[in-house]
Amino acid sequence: MGEFQPSFQSIVFALHALLGGRYSITAVYTVLFYDWLISLDKEVTFIHPAPWNAVKGAYLFCRYYPLLMSPFHLYGFLGDHTERVCNSYYHALYATLLPTMMSAQFILMLRAYAFSGRRRSILVVLSSVFTGVVGIVIWMLCKHLELTSLFIIERRSGCFVTSDQPHDGTVRGIGAYHLGIISVASALFDFLNMSVVVRHCIKQRSTLGPLGQSFLKQGVIVYLVMTCINTITIGTYFTSHTAYQGIGSWFAYILPSTLSCRLVLMLRRKASPTDTELHDQLSHMVDEALEMILVEEPPTGAPRGPARSSSRASRVQS
């Protein structure tokens with residue numbers, strides 16, 4: 001490795017990869033902290049007073065675990081470390097990313113299970129597939145991860161990893177296929193959750209009222225956003241350009257947890273509206289009722305249908 005003389009193109013690739021990864025991580029954690037701050041009042045209102053259950057526990061873990069681990073991750077990815085330091089560091093760095101990646105999937109699984117009538121068969125299927133996805137991710141992270149070739153160019157770098165890279169002293173590979181499989185598995189599990197919800201709606205021919213309509217609408221939006229993120233990430237992992245491999249992986253690893261937390265807050269707000277929202281809803285209902293009365297009220301002096309019918313019936317009886 002010490003005799004390898006990098007070409008100008010290799011240096012450009014290395015710098016693009018390093019800067020792209022660092023910009024992506026900075027952007028993701030900025031969104032993470034910003035969303036937490038603007039949602040804190042809703043969280044205090046709708047989550048903290050609620051009794052403990054699986055959804056509340058999953059929400060708090062999904063929200064606060066990435067925040068608590070952010071200093072560790074930012075130090076590992078944004079700091080300038082030697083190859084020796086990263087070799088002893090990156091396994092723990094990526095292992096602590098696993099709960100962040102899976103917590104969003106767990107929340108969507110719970111919501112799909114609740115929406116489908118809490119059927120035990122649905123829970124068994126979703127739990128089995130979820131366990132399989134977790135197993136795939138653990139296997140990929142433990143067996144196929146290795147440090148990138150950035151240390152060939154830069155003596156110090158962030159602790160970034162890849163898979164399936166060549167070992168001929170170059171920084172250009174054929175694609176990080178094994179890491180791409182993680183995004184494929186996550187995307188397929190998201191598709192399964194939404195398929196359970198849509199199938200239940202079609203079978204029951206109902207969305208279970210306003211709350212179900214809100215979950216269906218917002219859940220589809222969350223699913224589409226997560227699908228777009230996973231699709232972009234999968235594309236970057238399967239490219240042969242090392243500088244672009246996994247450029248969107250940080251969005252796929254961390255943003256789904258933020259989206260899932262917003263989904264839970266939206267559902268809690270719909271199920272437990274504030275006094276102001278209740279007042280607005282009641283005012284709207286009263287306005288609609290008054291409009292219906294005014295529309296159905298006949299003009300002054302006009303004969304009333306029911307009264308004429310009752311008088312005619314009394315004459316027939318006499």
# chains A, B, ... in the order shown; residues from 1 in each chain; ligands from 1
>>> residues_around(residues="A:Tyr253", least_positions_apart="4", cutoff="7 Å", atoms="only C-alpha atoms", output="list in words")
Thr100, Met101 and Ser249 of chain A
>>> write_last_selection(atoms="N, CA and C atoms", output="PDB file, in the first residue's frame")
ATOM      1  N   THR A 100     -31.030   2.331  14.915  1.00  0.00           N
ATOM      2  CA  THR A 100     -31.641   3.476  14.228  1.00  0.00           C
ATOM      3  C   THR A 100     -32.310   3.039  12.939  1.00  0.00           C
ATOM      4  N   MET A 101     -31.657   2.167  12.202  1.00  0.00           N
ATOM      5  CA  MET A 101     -32.206   1.690  10.938  1.00  0.00           C
ATOM      6  C   MET A 101     -33.475   0.874  11.156  1.00  0.00           C
ATOM      7  N   SER A 249     -26.941   6.798   1.687  1.00  0.00           N
ATOM      8  CA  SER A 249     -27.215   5.789   2.704  1.00  0.00           C
ATOM      9  C   SER A 249     -27.563   6.415   4.047  1.00  0.00           C
TER      10      SER A 249
END
>>> closest_atom_pairs(of="stretch 114-157 of chain A", to="stretch 74-81 of chain A", cutoff="9 Å", atoms="only C-alpha atoms", output="Markdown table")
| residue | atom | partner | partner_atom | distance |
| --- | --- | --- | --- | --- |
| A:Arg155 | CA | A:His81 | CA | 8.2 |
| A:Arg156 | CA | A:His81 | CA | 4.9 |
| A:Ser157 | CA | A:Asp80 | CA | 4.6 |
>>> closest_residue(among="A:Met194, A:Val28, A:Ile229, A:Val184", to="A:Ala112", atoms="only C-alpha atoms")
A:Met194
>>> residues_around(residues="A:Ile47", least_positions_apart="6", cutoff="8 Å", atoms="only C-alpha atoms", output="MDAnalysis selection string")
chainID A and resid 56 265 268
>>> residues_around(residues="A:His91", least_positions_apart="4", cutoff="9 Å", atoms="only C-alpha atoms", output="list of chain:residue names")
A:Cys86, A:Asn87, A:Ala95, A:Thr96, A:Leu141, A:Cys142, A:Leu145
>>> write_last_selection(atoms="N, CA and C atoms", output="PDB file, in the first residue's frame")
ATOM      1  N   CYS A  86      -9.491   3.659  12.798  1.00  0.00           N
ATOM      2  CA  CYS A  86     -10.765   3.268  12.190  1.00  0.00           C
ATOM      3  C   CYS A  86     -10.934   1.759  12.161  1.00  0.00           C
ATOM      4  N   ASN A  87      -9.846   1.012  12.031  1.00  0.00           N
ATOM      5  CA  ASN A  87      -9.951  -0.444  12.038  1.00  0.00           C
ATOM      6  C   ASN A  87     -10.495  -0.968  13.360  1.00  0.00           C
ATOM      7  N   ALA A  95     -22.393  -0.838  14.106  1.00  0.00           N
ATOM      8  CA  ALA A  95     -23.304  -1.636  14.918  1.00  0.00           C
ATOM      9  C   ALA A  95     -24.306  -0.751  15.642  1.00  0.00           C
ATOM     10  N   THR A  96     -23.876   0.431  16.071  1.00  0.00           N
ATOM     11  CA  THR A  96     -24.794   1.347  16.750  1.00  0.00           C
ATOM     12  C   THR A  96     -25.747   2.039  15.789  1.00  0.00           C
ATOM     13  N   LEU A 141     -23.461  -6.472   7.986  1.00  0.00           N
ATOM     14  CA  LEU A 141     -22.579  -5.565   8.708  1.00  0.00           C
ATOM     15  C   LEU A 141     -21.395  -6.292   9.332  1.00  0.00           C
ATOM     16  N   CYS A 142     -21.603  -7.537   9.756  1.00  0.00           N
ATOM     17  CA  CYS A 142     -20.534  -8.273  10.430  1.00  0.00           C
ATOM     18  C   CYS A 142     -19.576  -8.949   9.455  1.00  0.00           C
ATOM     19  N   LEU A 145     -18.389  -5.920   5.670  1.00  0.00           N
ATOM     20  CA  LEU A 145     -17.929  -4.539   5.760  1.00  0.00           C
ATOM     21  C   LEU A 145     -16.406  -4.482   5.842  1.00  0.00           C
TER      22      LEU A 145
END
